[in-house]
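Participant: So that you have it, the file is run_27.cif, and it contains mmCIF, C-alpha atoms and all ligand atoms:
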data_protein
#
loop_
_atom_site.label_atom_id
_atom_site.label_comp_id
_atom_site.auth_asym_id
_atom_site.auth_seq_id
_atom_site.Cartn_x
_atom_site.Cartn_y
_atom_site.Cartn_z
CA MET C 1 101.51 86.88 105.48
CA ARG C 2 99.83 89.14 102.98
CA ILE C 3 102.00 91.74 101.21
CA ASP C 4 100.51 94.52 99.06
CA ILE C 5 102.63 96.88 97.00
CA VAL C 6 101.41 100.10 95.40
CA THR C 7 103.75 101.33 92.66
CA ILE C 8 103.83 102.92 89.23
CA PHE C 9 106.20 100.11 88.13
CA PRO C 10 104.42 96.84 88.95
CA GLU C 11 106.71 94.91 86.60
CA PHE C 12 109.60 95.60 88.99
CA PHE C 13 108.15 92.91 91.22
CA ASP C 14 107.91 90.17 88.60
CA VAL C 15 111.10 88.71 90.05
CA LEU C 16 109.20 87.77 93.21
CA ASP C 17 108.01 84.77 91.16
CA ILE C 18 111.44 83.16 91.43
CA SER C 19 113.74 81.77 94.09
CA LEU C 20 112.80 81.22 97.74
CA LEU C 21 110.08 83.84 97.79
CA GLY C 22 108.50 82.43 94.63
CA LYS C 23 108.35 79.07 96.36
CA ALA C 24 106.89 80.67 99.49
CA ARG C 25 104.15 82.19 97.35
CA ALA C 26 103.47 78.90 95.61
CA ASN C 27 103.21 77.23 99.05
CA GLY C 28 100.79 79.88 100.30
CA LEU C 29 103.19 81.20 102.99
CA ILE C 30 103.21 84.62 101.33
CA GLU C 31 100.29 86.14 99.46
CA LEU C 32 101.30 89.02 97.20
CA GLY C 33 99.27 91.79 95.58
CA VAL C 34 100.96 94.31 93.27
CA HIS C 35 98.83 97.33 92.43
CA ASN C 36 99.46 99.93 89.74
CA LEU C 37 98.95 103.43 91.18
CA ARG C 38 97.94 104.66 87.72
CA ASP C 39 94.87 102.41 87.85
CA PHE C 40 93.55 104.78 90.53
CA THR C 41 93.70 107.91 88.37
CA HIS C 42 90.78 109.27 86.33
CA ASP C 43 92.40 111.49 83.71
CA ARG C 44 93.40 110.52 80.20
CA HIS C 45 97.13 110.66 81.01
CA HIS C 46 96.89 108.73 84.29
CA THR C 47 98.68 111.56 86.06
CA VAL C 48 100.22 110.72 89.43
CA ASP C 49 102.39 113.79 90.06
CA ASP C 50 102.26 117.57 90.08
CA THR C 51 104.51 120.55 90.81
CA PRO C 52 105.51 121.14 94.45
CA ALA C 53 103.45 123.58 96.49
CA GLY C 54 105.71 126.48 97.36
CA GLY C 55 107.86 125.93 94.27
CA GLY C 56 111.13 124.11 93.79
CA ALA C 57 112.57 121.41 91.58
CA GLY C 58 110.98 118.09 90.69
CA MET C 59 107.49 116.73 91.05
CA VAL C 60 105.46 115.51 94.00
CA MET C 61 103.08 112.54 93.91
CA LYS C 62 99.44 113.64 94.15
CA PRO C 63 97.41 112.52 97.17
CA GLU C 64 94.20 111.47 95.34
CA PRO C 65 95.49 108.34 93.53
CA TRP C 66 97.31 107.27 96.69
CA GLY C 67 94.14 107.68 98.73
CA GLU C 68 92.09 105.57 96.33
CA ALA C 69 94.77 102.88 95.98
CA LEU C 70 95.41 102.53 99.71
CA ASP C 71 91.69 102.56 100.56
CA ALA C 72 91.15 99.71 98.09
CA VAL C 73 94.06 97.69 99.46
CA LEU C 74 93.09 98.25 103.10
CA GLU C 75 89.43 97.47 102.54
CA ASN C 76 90.23 93.87 101.67
CA GLY C 77 93.06 93.42 104.14
CA ALA C 78 93.85 92.49 107.73
CA ASP C 79 92.48 94.28 110.81
CA ASP C 80 95.64 96.14 111.75
CA PRO C 81 97.99 96.35 108.77
CA ILE C 82 101.29 98.20 108.85
CA ILE C 83 101.86 100.64 106.00
CA ILE C 84 105.48 101.24 105.01
CA PHE C 85 106.66 104.01 102.74
CA PRO C 86 110.32 103.60 101.78
CA SER C 87 112.03 106.97 102.04
CA PRO C 88 115.55 108.28 102.59
CA ALA C 89 113.92 110.41 105.31
CA GLY C 90 112.71 107.34 107.20
CA VAL C 91 113.99 105.32 110.16
CA PRO C 92 116.78 102.91 109.20
CA PHE C 93 115.75 99.38 108.21
CA ASP C 94 117.67 96.70 110.08
CA GLN C 95 117.49 93.03 111.04
CA LYS C 96 115.51 93.83 114.19
CA MET C 97 112.83 95.55 112.12
CA ALA C 98 112.85 92.62 109.67
CA ARG C 99 112.25 90.22 112.58
CA GLU C 100 109.36 92.32 113.86
CA LEU C 101 107.79 92.66 110.42
CA ALA C 102 107.96 88.88 109.91
CA HIS C 103 105.15 88.62 112.51
CA GLU C 104 102.74 90.96 110.70
CA GLN C 105 99.54 89.67 109.11
CA GLN C 106 99.61 92.28 106.35
CA ILE C 107 102.27 94.72 105.18
CA VAL C 108 101.36 97.41 102.66
CA PHE C 109 104.27 99.04 100.84
CA GLY C 110 103.78 102.39 99.09
CA CYS C 111 106.53 103.11 96.57
CA GLY C 112 107.12 106.82 96.06
CA ARG C 113 108.93 108.27 93.06
CA TYR C 114 110.04 111.78 92.10
CA GLU C 115 110.47 114.14 95.06
CA GLY C 116 108.16 112.06 97.23
CA ILE C 117 104.49 111.77 98.11
CA ASP C 118 102.24 114.59 99.37
CA GLN C 119 102.71 114.64 103.17
CA ARG C 120 98.94 114.51 103.75
CA VAL C 121 98.90 110.88 102.58
CA PHE C 122 101.20 109.86 105.46
CA ASP C 123 99.27 111.99 107.95
CA HIS C 124 95.87 110.65 106.85
CA TYR C 125 96.84 106.96 107.11
CA ALA C 126 98.81 107.53 110.33
CA ASP C 127 95.50 108.59 111.88
CA ARG C 128 93.92 105.33 110.69
CA GLY C 129 96.69 102.89 111.55
CA ARG C 130 100.37 102.20 111.71
CA VAL C 131 102.43 104.12 109.15
CA ARG C 132 106.23 103.99 108.97
CA LEU C 133 108.69 105.81 106.74
CA VAL C 134 111.63 103.44 106.40
CA SER C 135 115.05 104.05 104.85
CA LEU C 136 117.32 101.42 103.38
CA GLY C 137 120.41 103.52 104.06
CA ASP C 138 121.99 106.93 103.82
CA TYR C 139 121.84 107.28 100.05
CA VAL C 140 119.15 108.25 97.57
CA LEU C 141 117.44 105.82 95.21
CA ASN C 142 115.22 106.92 92.34
CA GLY C 143 112.19 105.44 94.02
CA GLY C 144 111.00 103.01 96.65
CA GLU C 145 110.80 99.87 94.50
CA VAL C 146 114.33 98.60 95.07
CA ALA C 147 114.05 99.35 98.78
CA VAL C 148 110.79 97.38 98.95
CA MET C 149 112.39 94.42 97.15
CA ALA C 150 115.19 94.41 99.73
CA MET C 151 112.76 94.62 102.64
CA ILE C 152 110.54 91.85 101.27
CA GLU C 153 113.56 89.60 100.84
CA ALA C 154 114.84 90.31 104.36
CA VAL C 155 111.39 89.83 105.96
CA GLY C 156 110.18 86.97 103.75
CA ARG C 157 113.05 84.65 104.63
CA LEU C 158 112.24 85.06 108.36
CA ILE C 159 108.65 83.82 107.96
CA PRO C 160 108.57 80.28 109.40
CA GLY C 161 108.79 77.68 106.64
CA VAL C 162 110.26 79.96 103.95
CA VAL C 163 113.88 78.98 104.57
CA GLY C 164 114.20 75.18 104.57
CA ASN C 165 116.70 74.87 107.42
CA PRO C 166 115.84 77.43 110.15
CA GLU C 167 119.26 76.83 111.77
CA SER C 168 120.85 78.62 108.84
CA LEU C 169 119.11 81.81 110.02
CA VAL C 170 120.73 81.71 113.44
CA GLU C 171 124.41 82.09 112.60
CA GLU C 172 124.07 84.99 110.19
CA SER C 173 125.41 88.51 110.28
CA HIS C 174 123.36 90.76 112.58
CA GLU C 175 121.44 87.94 114.27
CA ASP C 176 123.63 88.04 117.40
CA GLY C 177 124.72 91.66 116.94
CA LEU C 178 128.01 90.71 115.26
CA LEU C 179 128.99 90.13 111.64
CA GLU C 180 129.11 86.49 110.58
CA TYR C 181 132.32 84.43 110.55
CA PRO C 182 133.99 83.53 107.22
CA SER C 183 132.82 80.29 105.59
CA TYR C 184 134.81 77.63 103.75
CA THR C 185 134.03 74.38 101.93
CA LYS C 186 136.05 71.74 100.08
CA PRO C 187 138.68 71.42 98.63
CA ALA C 188 141.05 71.78 101.60
CA VAL C 189 143.51 73.71 99.40
CA TRP C 190 142.50 75.96 96.51
CA ARG C 191 145.08 78.03 94.61
CA GLU C 192 147.50 77.52 97.49
CA ARG C 193 144.96 78.87 100.00
CA GLU C 194 144.12 76.51 102.80
CA VAL C 195 140.87 76.02 104.74
CA PRO C 196 141.90 76.99 108.33
CA PRO C 197 143.06 73.71 109.96
CA VAL C 198 140.81 74.22 113.00
CA LEU C 199 137.75 73.79 110.74
CA ARG C 200 139.09 70.38 109.69
CA SER C 201 140.01 69.31 113.24
CA GLY C 202 136.60 67.88 114.21
CA ASP C 203 136.94 69.70 117.57
CA HIS C 204 133.53 71.37 117.81
CA GLY C 205 134.46 73.47 120.85
CA ALA C 206 137.57 74.81 119.15
CA ILE C 207 135.58 75.50 115.97
CA ALA C 208 132.91 77.45 117.88
CA ARG C 209 135.60 79.50 119.70
CA TRP C 210 137.46 80.23 116.44
CA ARG C 211 134.26 81.33 114.71
CA HIS C 212 133.33 83.63 117.58
CA GLU C 213 136.81 85.21 117.55
CA GLN C 214 136.49 85.72 113.80
CA GLN C 215 133.12 87.43 114.30
CA ILE C 216 134.58 89.81 116.85
CA GLU C 217 137.69 90.55 114.77
CA ARG C 218 135.65 91.18 111.62
CA THR C 219 133.11 93.36 113.40
CA ARG C 220 135.90 95.39 115.07
CA ARG C 221 137.58 95.91 111.68
CA VAL C 222 134.55 96.56 109.45
CA ARG C 223 131.76 97.78 111.75
CA PRO C 224 133.23 98.99 115.07
CA ASP C 225 129.93 100.83 115.66
CA LEU C 226 128.20 97.43 116.15
CA LEU C 227 130.65 96.09 118.73
CA PRO C 228 129.10 95.69 122.20
CA PRO C 229 130.96 97.75 124.86
CA GLU C 230 132.15 94.60 126.73
CA LEU C 231 134.10 93.53 123.61
N1 LIG P 1 113.74 105.97 98.28
C1 LIG P 1 114.73 106.73 97.82
N2 LIG P 1 115.84 106.55 98.53
C2 LIG P 1 115.55 105.63 99.49
C3 LIG P 1 116.27 105.03 100.56
N3 LIG P 1 117.53 105.32 100.80
N4 LIG P 1 115.63 104.15 101.32
C4 LIG P 1 114.34 103.84 101.10
N5 LIG P 1 113.61 104.39 100.12
C5 LIG P 1 114.20 105.27 99.32
#
Would you kindly transcribe this structure into structure tokens?
Facilitator:
Amino acid sequence: MRIDIVTIFPEFFDVLDISLLGKARANGLIELGVHNLRDFTHDRHHTVDDTPAGGGAGMVMKPEPWGEALDAVLENGADDPIIIFPSPAGVPFDQKMARELAHEQQIVFGCGRYEGIDQRVFDHYADRGRVRLVSLGDYVLNGGEVAVMAMIEAVGRLIPGVVGNPESLVEESHEDGLLEYPSYTKPAVWREREVPPVLRSGDHGAIARWRHEQQIERTRRVRPDLLPPEL
């Protein structure tokens, strides 16, 4: 998969050199391009924002640098890329979207700052391809960079070969619609707290049933909105 990011803070993404995603890049599973929006300005101050039309607080990102940056990224990219702008006004990001995005050939992320990007940028690229405004959750970040990091991590680990043992992806929170069961390891007793005896019983059927009950109980307690109606 090819991932391109347009941002005024390219150094935010230096951490993509490390950990699982760093390895995926080294192995050629993920190809990453980070582009500085200011490189697509032509004034001495590399201006990327201006006052909002109609008045009001804050600044809005100008369309011209975005147009040049996205044209450059798209020119060298896949046939049908998806362009994602993180925004608190977008559709919620979830595991289902992460799974779908893991099949893309190219994802372009546009990181807005300030009060957002001139609406005409979204409208222009929506006419040329697939554009999505995507929200990480119902809260406001200072810009899209942290949201893009989260999305890249969620999507990247679903690309075949990135996570060493694909079975570890199956029994996670949100994969079967429920939250994951609690995990334990050795020692059997730690600070007077015991690993539940069923997990040490060797009875795989009983273990599977216990884990499923734990998933349901936890989901009912923490995220009743996720619980399927039959439960
Ligand atoms: N940018 C600012 N807030 C955001 C959010 N909640 N999700 C995605 N991008 C954002």
Participant: So which residues touch C:Ile3 within 8 Å, counting all atoms listed in the file, skipping near sequence neighbours fewer than 4 positions away, as JSON, numbers by chain?
Facilitator: {"C": [30, 31, 32, 33, 106, 107, 108, 109]}
Participant: Those residues you just picked out, can you put them in a file as a PDB file, keeping the file's coordinate frame with C-alpha atoms?
Facilitator:
ATOM      1  CA  ILE C  30     103.210  84.620 101.330  1.00  0.00           C
ATOM      2  CA  GLU C  31     100.290  86.140  99.460  1.00  0.00           C
ATOM      3  CA  LEU C  32     101.300  89.020  97.200  1.00  0.00           C
ATOM      4  CA  GLY C  33      99.270  91.790  95.580  1.00  0.00           C
ATOM      5  CA  GLN C 106      99.610  92.280 106.350  1.00  0.00           C
ATOM      6  CA  ILE C 107     102.270  94.720 105.180  1.00  0.00           C
ATOM      7  CA  VAL C 108     101.360  97.410 102.660  1.00  0.00           C
ATOM      8  CA  PHE C 109     104.270  99.040 100.840  1.00  0.00           C
TER       9      PHE C 109
END
Participant: How many Å lie between atom CA of C:His103 and atom CA of C:Ile159, rounded to one decimal?
Facilitator: 7.5 Å
Participant: Pick the closest to C:Glu64 from C:Ala26, C:Val121, C:Ile83, C:Ala78: which is it, counting all atoms listed in the file?
Facilitator: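 When distances to C:Glu64 are compared using all atoms listed in the file, the smallest one comes from C:Val121.
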Participant: I'd like the interatomic distance between atom CA of C:Leu20 and atom CA of C:Leu141, to a tenth of an Å.
Facilitator: 25.2 Å
Participant: Check which residues fall inside 7 Å of ligand LIG 1 (chain P) when counting only C-alpha atoms and all ligand atoms, and print them as a list in words.
Facilitator: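 Every residue with an atom at most 7 Å from ligand LIG 1 (chain P) is listed here: Pro86, Ser87, Pro88, Val134, Ser135, Leu136, Gly137, Asp138, Tyr139, Val140, Leu141, Asn142, Gly143, Gly144 and Ala147 of chain C.
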Participant: Only C-alpha atoms, please: the residues just picked out, written as a compact mmCIF listing (two decimals), in the frame of the given file.
Facilitator:
# COMPACT_ATOMS: atom_id res chain seq x y z
CA PRO C 86 110.32 103.60 101.78
CA SER C 87 112.03 106.97 102.04
CA PRO C 88 115.55 108.28 102.59
CA VAL C 134 111.63 103.44 106.40
CA SER C 135 115.05 104.05 104.85
CA LEU C 136 117.32 101.42 103.38
CA GLY C 137 120.41 103.52 104.06
CA ASP C 138 121.99 106.93 103.82
CA TYR C 139 121.84 107.28 100.05
CA VAL C 140 119.15 108.25 97.57
CA LEU C 141 117.44 105.82 95.21
CA ASN C 142 115.22 106.92 92.34
CA GLY C 143 112.19 105.44 94.02
CA GLY C 144 111.00 103.01 96.65
CA ALA C 147 114.05 99.35 98.78
Participant: Kindly indicate which residue among C:Arg193, C:Arg44, C:His35, C:Lys62 lies nearest to C:Thr7, using all atoms listed in the file for the distances.
Facilitator: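 Of the candidates, the smallest distance to C:Thr7 is held by C:His35.
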Participant: Can you work out the spacing between atom CA of C:Arg38 and atom CA of C:Phe9 in Å, to one decimal?
Facilitator: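 Separation between atom CA of C:Arg38 and atom CA of C:Phe9: 9.4 Å.
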Participant: Just checking: using only C-alpha atoms, which residue out of C:Ile5, C:Leu21, C:Val48, C:Ala188 ends up closest to C:Ser201?
Facilitator: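 Comparing C:Ile5, C:Leu21, C:Val48, C:Ala188 against C:Ser201, the winner is C:Ala188.
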Participant: Find, counting all atoms listed in the file, the residue in C:His46, C:Arg120, C:Lys23, C:Lys96 that gets nearest to C:Gly67.
Facilitator: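 Closest residue, counting all atoms listed in the file: C:Arg120.
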Participant: Under the rule that all atoms listed in the file are counted, which of C:Asp17, C:Asp4, C:Pro92, C:His45 is the nearest residue to C:Ala72?
Facilitator: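 Of C:Asp17, C:Asp4, C:Pro92, C:His45, the one nearest C:Ala72, counting all atoms listed in the file, is C:Asp4.
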Participant: Which is closest to C:Phe40 among C:Ile8, C:Met59, C:Val91, C:Ile18, if we use only C-alpha atoms?
Facilitator: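 Under the stated criterion, the closest residue is C:Ile8.
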Participant: Show me, as a tab-separated table (two decimals) with C-alpha atoms, in the coordinates of the input, the residues that have an atom within 12 Å of C:Val222 when counting only C-alpha atoms, minus same-chain residues fewer than 6 positions from it.
Facilitator:
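To be explicit, this is the file written out as part-v1.tsv:
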chain	number	residue	atom	x	y	z
C	178	LEU	CA	128.01	90.71	115.26
C	179	LEU	CA	128.99	90.13	111.64
C	180	GLU	CA	129.11	86.49	110.58
C	214	GLN	CA	136.49	85.72	113.80
C	215	GLN	CA	133.12	87.43	114.30
C	216	ILE	CA	134.58	89.81	116.85
Participant: If we count all atoms listed in the file, what is near C:His212 at a cut-off of 9 Å, once residues fewer than 5 positions away on the same chain are taken out, given as a PyMOL selection string?
Facilitator: chain C and resi 180-181+207+217
Participant: List the spatial neighbours of stretch 130-133 of chain C as number ranges by chain - criterion: any atom at most 8 Å away, only C-alpha atoms, same-chain residues fewer than 4 positions off excluded.
Facilitator: C: 80-87, 89-91, 122, 125-126
Participant: Just write the chosen residues, C-alpha atoms, as a PDB file, in the coordinates of the input.
Facilitator:
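Saved file result.pdb follows:
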ATOM      1  CA  ASP C  80      95.640  96.140 111.750  1.00  0.00           C
ATOM      2  CA  PRO C  81      97.990  96.350 108.770  1.00  0.00           C
ATOM      3  CA  ILE C  82     101.290  98.200 108.850  1.00  0.00           C
ATOM      4  CA  ILE C  83     101.860 100.640 106.000  1.00  0.00           C
ATOM      5  CA  ILE C  84     105.480 101.240 105.010  1.00  0.00           C
ATOM      6  CA  PHE C  85     106.660 104.010 102.740  1.00  0.00           C
ATOM      7  CA  PRO C  86     110.320 103.600 101.780  1.00  0.00           C
ATOM      8  CA  SER C  87     112.030 106.970 102.040  1.00  0.00           C
ATOM      9  CA  ALA C  89     113.920 110.410 105.310  1.00  0.00           C
ATOM     10  CA  GLY C  90     112.710 107.340 107.200  1.00  0.00           C
ATOM     11  CA  VAL C  91     113.990 105.320 110.160  1.00  0.00           C
ATOM     12  CA  PHE C 122     101.200 109.860 105.460  1.00  0.00           C
ATOM     13  CA  TYR C 125      96.840 106.960 107.110  1.00  0.00           C
ATOM     14  CA  ALA C 126      98.810 107.530 110.330  1.00  0.00           C
TER      15      ALA C 126
END
Participant: I want to know what sits within 9 Å of C:Tyr184, based on only C-alpha atoms, with residues of the same chain fewer than 5 positions away left out; could you give that as a PyMOL selection string?
Facilitator: chain C and resi 195-196+199
Participant: Around the point (114.4, 92.9, 106.7) in the file's coordinates, collect all residues with an atom within 12 Å, using only C-alpha atoms, and return them as an MDAnalysis selection string.
Facilitator: chainID C and resid 92:103 134:136 147:159 174:175
Participant: Padding of 8 Å on every side, edges along x, y and z, all listed atoms of stretch 98-110 of chain C included: what centre and edge lengths in Å, to one decimal, does that box have, as lines of an AutoDock Vina configuration file?
Facilitator:
center_x = 106.2
center_y = 95.5
center_z = 106.5
size_x = 29.3
size_y = 29.8
size_z = 30.8
